[in-house]
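Peer 1: Quick one, run_14.cif (mmCIF, C-alpha atoms and all ligand atoms):
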```cif
data_work
#
loop_
_atom_site.label_atom_id
_atom_site.label_comp_id
_atom_site.auth_asym_id
_atom_site.auth_seq_id
_atom_site.Cartn_x
_atom_site.Cartn_y
_atom_site.Cartn_z
CA MET A 488 31.92 86.15 274.45
CA SER A 489 33.52 85.41 271.07
CA GLN A 490 30.45 86.97 269.35
CA THR A 491 30.91 90.08 271.44
CA LEU A 492 34.58 90.25 270.54
CA GLU A 493 33.65 89.81 266.89
CA ASP A 494 31.29 92.78 267.15
CA ILE A 495 33.99 94.90 268.74
CA ILE A 496 36.51 93.98 266.07
CA ALA A 497 34.00 94.68 263.28
CA ARG A 498 33.09 98.08 264.72
CA ALA A 499 36.72 99.02 265.23
CA GLU A 500 37.45 98.11 261.63
CA ARG A 501 34.49 100.18 260.43
CA GLU A 502 34.60 103.20 262.74
CA HIS A 503 38.16 103.26 264.13
CA ARG A 504 36.86 104.14 267.57
CA LEU A 505 36.47 102.11 270.75
CA GLY A 506 35.87 102.75 274.43
CA LYS A 507 38.36 101.78 277.12
CA ALA A 508 36.44 98.68 278.22
CA GLU A 509 36.25 97.44 274.63
CA VAL A 510 39.97 97.95 274.07
CA ALA A 511 40.69 96.11 277.33
CA ALA A 512 38.39 93.25 276.21
CA LEU A 513 40.31 92.91 272.94
CA LEU A 514 43.61 92.96 274.80
CA SER A 515 42.37 90.14 277.03
CA CYS A 516 41.04 87.96 274.21
CA GLU A 517 42.59 84.56 273.60
CA GLY A 518 42.42 81.79 271.03
CA GLU A 519 40.65 82.19 267.72
CA PRO A 520 39.50 85.86 268.08
CA VAL A 521 43.16 86.89 268.28
CA GLN A 522 43.74 85.90 264.66
CA ARG A 523 40.56 87.72 263.65
CA LEU A 524 41.90 90.83 265.33
CA PHE A 525 45.18 90.52 263.41
CA ASP A 526 43.36 89.92 260.12
CA ALA A 527 41.16 93.00 260.62
CA ALA A 528 44.25 95.12 261.37
CA ASP A 529 45.95 93.77 258.26
CA ARG A 530 42.94 94.73 256.12
CA VAL A 531 42.90 98.26 257.57
CA ARG A 532 46.65 98.56 257.00
CA ARG A 533 46.25 97.55 253.36
CA ALA A 534 43.23 99.83 252.78
CA PHE A 535 44.81 102.95 254.29
CA MET A 536 48.57 102.48 253.88
CA GLY A 537 48.91 100.03 250.99
CA ASP A 538 51.51 97.29 250.72
CA ASP A 539 54.55 99.54 251.00
CA VAL A 540 56.85 99.03 253.96
CA HIS A 541 58.86 102.11 254.91
CA LEU A 542 62.48 101.74 255.97
CA ARG A 543 63.91 104.10 258.58
CA GLY A 544 67.66 103.84 259.15
CA ILE A 545 68.52 104.30 262.81
CA ILE A 546 71.82 105.92 263.79
CA GLU A 547 72.51 105.41 267.49
CA PHE A 548 74.91 108.31 267.76
CA SER A 549 75.50 108.53 271.53
CA ASN A 550 74.87 106.11 274.38
CA TYR A 551 75.50 108.69 277.07
CA CYS A 552 72.40 109.40 279.11
CA GLU A 553 71.71 111.66 282.06
CA ARG A 554 68.61 109.74 283.13
CA ALA A 555 68.07 106.62 285.21
CA CYS A 556 65.02 104.87 283.72
CA HIS A 557 64.67 101.55 285.52
CA TYR A 558 64.27 99.46 282.37
CA CYS A 559 67.10 100.85 280.27
CA GLY A 560 70.72 99.75 280.00
CA LEU A 561 71.84 103.24 278.94
CA ARG A 562 70.85 104.69 282.32
CA ARG A 563 73.51 106.85 283.89
CA PRO A 564 74.05 104.60 286.96
CA ASN A 565 75.06 101.69 284.69
CA ALA A 566 78.76 102.35 285.21
CA GLY A 567 79.88 99.14 283.48
CA LEU A 568 78.72 100.27 280.04
CA PRO A 569 81.46 101.73 277.81
CA ARG A 570 80.19 105.02 276.39
CA TYR A 571 80.68 106.58 272.96
CA ARG A 572 79.70 109.66 270.98
CA LEU A 573 79.82 110.17 267.21
CA ASP A 574 80.73 113.54 265.73
CA VAL A 575 78.79 115.36 263.06
CA ASP A 576 81.05 114.30 260.17
CA GLU A 577 80.80 110.65 261.18
CA ILE A 578 77.00 110.78 261.44
CA VAL A 579 76.66 112.48 258.05
CA ALA A 580 78.98 109.85 256.51
CA ILE A 581 76.87 107.00 257.99
CA ALA A 582 73.68 108.55 256.64
CA GLY A 583 75.36 109.16 253.27
CA ALA A 584 76.28 105.49 253.00
CA ALA A 585 72.67 104.53 253.74
CA VAL A 586 71.16 106.58 250.91
CA PRO A 587 72.43 104.28 248.09
CA LEU A 588 70.92 101.36 250.02
CA GLY A 589 67.51 102.98 249.58
CA TYR A 590 67.08 104.74 252.91
CA ARG A 591 65.11 108.00 252.60
CA THR A 592 64.75 108.60 256.35
CA VAL A 593 67.38 108.61 259.05
CA VAL A 594 66.46 108.43 262.70
CA LEU A 595 68.97 110.14 265.00
CA GLN A 596 68.72 108.35 268.30
CA SER A 597 70.66 108.83 271.54
CA GLY A 598 70.34 108.88 275.28
CA GLU A 599 69.59 112.26 276.82
CA ASP A 600 73.00 113.75 276.18
CA ALA A 601 73.48 117.50 276.68
CA TYR A 602 76.85 117.30 274.89
CA TYR A 603 74.79 117.67 271.71
CA THR A 604 73.78 121.27 272.17
CA GLN A 605 71.01 123.09 270.34
CA ASP A 606 73.53 124.47 267.83
CA LEU A 607 75.38 121.19 267.29
CA MET A 608 72.14 119.34 266.56
CA ALA A 609 70.94 122.15 264.27
CA THR A 610 74.21 121.91 262.31
CA LEU A 611 73.82 118.16 261.99
CA ILE A 612 70.18 118.37 260.87
CA ALA A 613 70.93 121.11 258.32
CA ARG A 614 73.78 119.06 256.84
CA LEU A 615 71.65 115.91 256.55
CA LYS A 616 68.89 117.88 254.81
CA GLY A 617 71.19 120.00 252.64
CA GLU A 618 73.74 117.36 251.60
CA LEU A 619 71.58 114.23 251.46
CA GLY A 620 67.96 115.39 251.23
CA VAL A 621 66.81 112.68 253.62
CA ALA A 622 63.88 112.98 255.99
CA VAL A 623 65.19 113.44 259.52
CA THR A 624 63.59 111.95 262.60
CA LEU A 625 64.94 112.93 266.00
CA SER A 626 64.78 110.69 269.04
CA VAL A 627 66.88 112.44 271.67
CA GLY A 628 64.47 112.80 274.57
CA GLU A 629 63.11 115.74 276.53
CA ARG A 630 64.44 119.14 275.49
CA SER A 631 63.22 122.71 275.74
CA PHE A 632 60.62 124.27 273.45
CA GLU A 633 63.36 126.53 272.07
CA GLU A 634 65.57 123.56 271.13
CA TYR A 635 62.67 121.76 269.47
CA ARG A 636 61.81 124.98 267.59
CA CYS A 637 65.39 125.51 266.41
CA TRP A 638 65.71 121.92 265.15
CA LYS A 639 62.40 122.14 263.31
CA GLU A 640 63.64 125.30 261.60
CA ALA A 641 66.89 123.50 260.74
CA GLY A 642 64.80 120.97 258.83
CA ALA A 643 63.87 118.14 261.21
CA ASP A 644 60.70 116.43 260.03
CA ARG A 645 59.71 114.09 262.81
CA TYR A 646 60.28 113.46 266.49
CA LEU A 647 59.92 110.24 268.44
CA LEU A 648 59.24 110.58 272.14
CA LYS A 649 57.61 107.50 273.59
CA HIS A 650 55.30 108.19 276.50
CA GLU A 651 56.25 104.64 277.70
CA THR A 652 53.11 104.32 279.83
CA ALA A 653 50.04 106.52 280.17
CA ASP A 654 49.67 105.49 283.82
CA PRO A 655 51.25 108.38 285.78
CA ARG A 656 51.85 106.19 288.85
CA LEU A 657 53.58 103.47 286.85
CA TYR A 658 55.51 106.18 285.00
CA ALA A 659 56.76 107.54 288.34
CA THR A 660 57.97 104.14 289.56
CA LEU A 661 59.93 103.55 286.32
CA HIS A 662 61.40 107.03 285.96
CA PRO A 663 62.90 108.17 289.28
CA ASP A 664 64.23 111.44 287.86
CA MET A 665 61.50 112.31 285.35
CA LYS A 666 57.93 113.59 285.48
CA TYR A 667 54.99 112.37 283.45
CA SER A 668 53.77 115.97 283.16
CA ASP A 669 57.11 116.95 281.53
CA ARG A 670 56.70 114.15 279.02
CA ARG A 671 53.22 115.31 278.12
CA ARG A 672 54.38 118.90 277.83
CA CYS A 673 57.20 117.92 275.46
CA LEU A 674 54.75 116.01 273.28
CA ASP A 675 52.44 119.06 273.21
CA HIS A 676 55.38 121.28 272.21
CA LEU A 677 56.36 118.94 269.38
CA ARG A 678 52.78 118.91 268.13
CA GLU A 679 52.54 122.71 268.36
CA LEU A 680 55.76 123.10 266.35
CA GLY A 681 54.47 121.01 263.47
CA TYR A 682 56.64 117.91 263.81
CA GLN A 683 55.27 114.58 262.67
CA VAL A 684 55.03 113.20 266.17
CA GLY A 685 55.77 109.67 267.24
CA SER A 686 55.06 108.29 270.67
CA GLY A 687 54.53 104.81 272.01
CA CYS A 688 54.76 102.39 274.87
CA MET A 689 56.37 99.20 276.11
CA ILE A 690 54.39 96.03 276.54
CA GLY A 691 54.82 93.87 279.62
CA LEU A 692 56.16 96.44 282.06
CA PRO A 693 55.93 95.19 285.66
CA GLY A 694 52.66 96.50 287.11
CA GLN A 695 51.03 97.04 283.72
CA THR A 696 47.49 95.72 283.11
CA ALA A 697 45.12 95.45 280.15
CA VAL A 698 43.43 98.60 281.43
CA THR A 699 46.76 100.46 281.54
CA LEU A 700 47.46 99.35 277.98
CA ALA A 701 43.99 100.47 276.91
CA ASP A 702 44.88 103.90 278.30
CA ASP A 703 48.10 103.82 276.27
CA LEU A 704 46.20 103.15 273.07
CA LEU A 705 43.56 105.78 273.75
CA PHE A 706 46.30 108.26 274.65
CA LEU A 707 48.00 107.66 271.29
CA LYS A 708 44.69 108.16 269.51
CA GLU A 709 43.92 111.32 271.46
CA LEU A 710 47.36 112.74 270.67
CA ASP A 711 46.64 111.83 267.05
CA VAL A 712 50.23 110.65 266.55
CA GLU A 713 51.76 110.15 263.13
CA MET A 714 53.86 107.23 264.43
CA ALA A 715 53.38 104.75 267.26
CA GLY A 716 56.31 102.68 268.49
CA ILE A 717 55.03 99.60 270.30
CA GLY A 718 57.49 96.98 271.46
CA PRO A 719 57.96 94.45 274.25
CA PHE A 720 59.72 95.25 277.50
CA ILE A 721 62.92 93.18 277.65
CA PRO A 722 64.71 93.06 281.03
CA ASN A 723 68.32 94.18 281.04
CA PRO A 724 70.55 92.44 283.64
CA ASN A 725 72.25 95.74 284.50
CA THR A 726 69.10 97.54 285.58
CA PRO A 727 66.77 97.48 288.62
CA LEU A 728 64.28 95.46 286.54
CA SER A 729 66.75 92.67 285.77
CA LYS A 730 64.53 90.02 287.37
CA ALA A 731 61.27 91.13 285.75
CA GLU A 732 59.54 89.01 283.12
CA CYS A 733 59.86 89.80 279.44
CA GLY A 734 56.84 91.25 277.60
CA ALA A 735 54.80 88.73 275.63
CA VAL A 736 54.90 88.51 271.84
CA GLU A 737 51.16 87.97 271.46
CA MET A 738 50.20 90.89 273.69
CA THR A 739 52.59 93.13 271.75
CA LEU A 740 50.95 92.05 268.50
CA LYS A 741 47.50 92.68 269.93
CA VAL A 742 48.45 96.23 270.90
CA ILE A 743 49.89 96.84 267.42
CA ALA A 744 46.73 95.46 265.80
CA ILE A 745 44.41 97.60 267.93
CA ALA A 746 46.59 100.65 267.23
CA ARG A 747 46.06 100.04 263.51
CA LEU A 748 42.29 99.69 263.95
CA LEU A 749 42.07 102.90 266.00
CA MET A 750 44.55 104.91 263.90
CA PRO A 751 44.32 103.72 260.29
CA GLN A 752 46.87 106.23 258.94
CA VAL A 753 49.51 105.89 261.65
CA HIS A 754 53.00 104.64 260.83
CA LEU A 755 53.55 101.51 262.91
CA PRO A 756 56.98 99.88 263.12
CA ALA A 757 57.60 96.17 263.42
CA THR A 758 60.20 96.73 266.12
CA THR A 759 63.66 95.26 266.46
CA ALA A 760 62.78 94.45 270.08
CA LEU A 761 59.96 92.20 268.90
CA GLY A 762 62.33 90.56 266.41
CA SER A 763 64.79 90.03 269.27
CA ILE A 764 62.41 87.92 271.38
CA ASP A 765 60.83 86.06 268.44
CA CYS A 766 62.78 85.33 265.26
CA LYS A 767 59.57 85.88 263.26
CA GLY A 768 58.43 88.78 265.41
CA ARG A 769 58.79 91.46 262.74
CA GLN A 770 56.99 89.34 260.14
CA LYS A 771 54.15 88.74 262.60
CA ALA A 772 53.88 92.47 263.29
CA LEU A 773 53.86 93.28 259.56
CA ASN A 774 50.91 90.87 259.27
CA ALA A 775 49.09 92.47 262.21
CA GLY A 776 49.00 96.11 261.13
CA ALA A 777 52.63 97.28 261.02
CA ASN A 778 54.03 99.07 257.94
CA VAL A 779 57.50 100.29 258.98
CA VAL A 780 60.84 98.63 259.74
CA MET A 781 63.70 100.47 261.39
CA PRO A 782 67.00 98.74 260.59
CA ASN A 783 70.08 99.78 262.50
CA ILE A 784 72.65 101.57 260.32
CA THR A 785 75.04 102.34 263.17
CA PRO A 786 78.57 100.99 262.53
CA ASN A 787 79.01 97.57 264.12
CA LYS A 788 81.72 98.68 266.53
CA TYR A 789 79.19 100.82 268.42
CA ARG A 790 76.12 98.61 268.29
CA ARG A 791 76.91 96.42 271.28
CA MET A 792 77.35 99.49 273.42
CA TYR A 793 73.85 100.75 272.66
CA GLU A 794 72.38 98.14 274.92
CA ILE A 795 68.99 99.36 276.08
CA TYR A 796 68.06 95.68 276.35
CA PRO A 797 70.17 92.50 275.84
CA ASN A 798 70.35 90.05 272.90
CA LYS A 799 69.37 92.56 270.25
CA ILE A 800 69.33 91.03 266.77
CA CYS A 801 71.60 92.03 263.88
CA LEU A 802 74.45 93.27 266.08
CA ASP A 803 77.11 91.87 263.73
CA ASP A 804 75.41 92.64 260.41
CA ASP A 805 76.59 95.59 258.35
CA PRO A 806 73.99 98.00 256.92
CA ALA A 807 74.12 96.46 253.41
CA HIS A 808 73.47 92.99 254.84
CA CYS A 809 70.59 94.31 257.00
CA ARG A 810 69.07 96.05 253.98
CA ASN A 811 69.15 92.82 251.96
CA CYS A 812 67.77 90.78 254.83
CA ILE A 813 64.92 93.21 255.47
CA GLY A 814 64.18 93.43 251.74
CA GLY A 815 63.89 89.64 251.65
CA ILE A 816 61.52 89.59 254.62
CA ILE A 817 59.31 92.24 253.06
CA GLN A 818 59.26 90.44 249.72
CA SER A 819 58.44 87.12 251.37
CA LEU A 820 55.27 88.73 252.73
CA ASP A 821 54.26 89.96 249.25
CA ARG A 822 54.92 93.52 250.32
CA THR A 823 57.07 96.19 248.70
CA VAL A 824 59.82 98.46 250.00
CA ALA A 825 58.62 102.07 249.74
CA ASP A 826 60.83 104.34 247.67
CA GLY A 827 59.70 107.73 249.00
CA ALA A 828 60.40 109.54 252.28
CA GLY A 829 57.37 107.94 253.88
CA HIS A 830 55.93 111.04 255.46
CA SER A 831 52.64 110.69 257.27
CA PRO A 832 49.70 110.59 254.86
CA LYS A 833 47.96 112.95 257.31
CA ILE A 834 50.39 115.80 256.50
CA PRO A 835 49.58 117.87 253.39
CA PHE A 836 52.44 117.90 250.85
CA SER A 837 52.65 121.69 250.96
CA HIS A 838 53.90 121.45 254.56
CA LEU A 839 56.79 119.16 253.71
CA ALA A 840 60.25 120.37 252.83
CA GLY A 841 62.09 117.21 251.86
S1 LIG B 1 65.12 105.23 278.23
FE1 LIG B 1 66.11 106.98 277.25
S2 LIG B 1 66.15 108.56 278.85
FE2 LIG B 1 65.78 106.63 279.89
S3 LIG B 1 67.82 105.91 280.50
FE3 LIG B 1 67.35 104.98 278.50
S4 LIG B 1 68.22 106.34 276.97
FE4 LIG B 1 68.12 107.45 278.91
#
```
Give the structure from the file, written as structure tokens.
Ligand code: SF4
Peer 2:
Amino acid sequence: MSQTLEDIIARAEREHRLGKAEVAALLSCEGEPVQRLFDAADRVRRAFMGDDVHLRGIIEFSNYCERACHYCGLRRPNAGLPRYRLDVDEIVAIAGAAVPLGYRTVVLQSGEDAYYTQDLMATLIARLKGELGVAVTLSVGERSFEEYRCWKEAGADRYLLKHETADPRLYATLHPDMKYSDRRRCLDHLRELGYQVGSGCMIGLPGQTAVTLADDLLFLKELDVEMAGIGPFIPNPNTPLSKAECGAVEMTLKVIAIARLLMPQVHLPATTALGSIDCKGRQKALNAGANVVMPNITPNKYRRMYEIYPNKICLDDDPAHCRNCIGGIIQSLDRTVADGAGHSPKIPFSHLAG
């Protein structure tokens, strides 16, 4: 069996293609082949993406959400969560303070909050591009084609919309007020509009199997994403999944490693969620194919309220401290902090504005 796994790993490293059964076999492997999988992913990462690690500063600008996803603490029915919204001036000021720390990308993240209208978001994006020249990634959920188009024209570069799971039945059980087909349509719209598209999934969702996860990976490859966010499911006590088990570190790392083998040029974050369940989680991910870190640059007074999952790391650290800490982690792995915007290497320079 280990010879067979070795063959699969070698072919994935060479050809960057695998069938579903092969992906599922890698996801199920244990013991010594696991390290070989991580090593192969690390080689592919170095060959295609170099030793640079890209920093993306996340601004969690609103924790209001109209949805009721079963795994998420921001869900509308969670009445015990104090809610907040930041205005445009405040968000621009936060991003402005991050630029001298070396951030060249800001990620605007929120629940699905209609308070931020098409025009308000367009104003915000235009100010971030015009005043700071940073790359702008949006992560604000499902919106109309027209809104996505307007924000792209305002200067947005990238959009993160995780598909969460490529199993439509599992998707339906987790998202009582959402449709898998809507998710897919939004991702198609983002692709059509020329965004650098990010999607991704959670590892360890109740009801998930190795075959489901293989579908997730093949879905990401088929969509040809520029970014893939892969992190563990962490149960939140204020959600219907409060009693579910946490996703496993090793399985999360395996999914990241296979993503790197299948998509050599994808940007892959070492997620904060992984760092929250394993104090070395981000380092392990950076050694298993990841090349991005997304530190939180939201002011401390809001961070505790953005509680998608509990026990998130770095809640009391200010952005300058986080930047130093992350820089130290990256250096300790003999890697370098990237100094450019970190656009996808798949996108020709002529298509990029900032
Ligand atoms: S996962 Fe996103 S859409 Fe779902 S409840 Fe949480 S913030 Fe809202």
Peer 1: Let me have all residues with an atom within 10 Å of ligand LIG 1 (chain B), counting all atoms listed in the file, laid out as a count of residues only.
Peer 2: 39
Peer 1: Could you please determine the separation between atom CA of A:Ser763 and atom CA of A:Cys801 in Å, to one decimal place?
Peer 2: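 Computing the Euclidean distance for atom CA of A:Ser763 and atom CA of A:Cys801 yields 8.9 Å.
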Peer 1: Which residues are close to stretch 489-506 of chain A, i.e. within 12 Å by only C-alpha atoms, leaving aside same-chain residues fewer than 6 positions away? Reply as an MDAnalysis selection string.
Peer 2: chainID A and resid 512:532 534:535 698 701:702 704:706 708:709 741 744:753 776
Peer 1: One decimal, Å: what's the distance from atom CA of A:Gly642 over to atom CA of A:Ala613, could you say?
Peer 2: 6.2 Å
Peer 1: Can you work out which one of A:Gly718, A:Gly567, A:Pro797, A:Gly544 has the shortest atom-to-atom distance to A:Val780, counting only C-alpha atoms?
Peer 2: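 Using only C-alpha atoms, the shortest distance to A:Val780 belongs to A:Gly544.
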Peer 1: As an exercise, work out the distance from atom CA of A:Ile545 to atom CA of A:Pro693 in Å and give it to one decimal place.
Peer 2: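 Atom CA of A:Pro693 lies at a distance of 27.6 Å from atom CA of A:Ile545.
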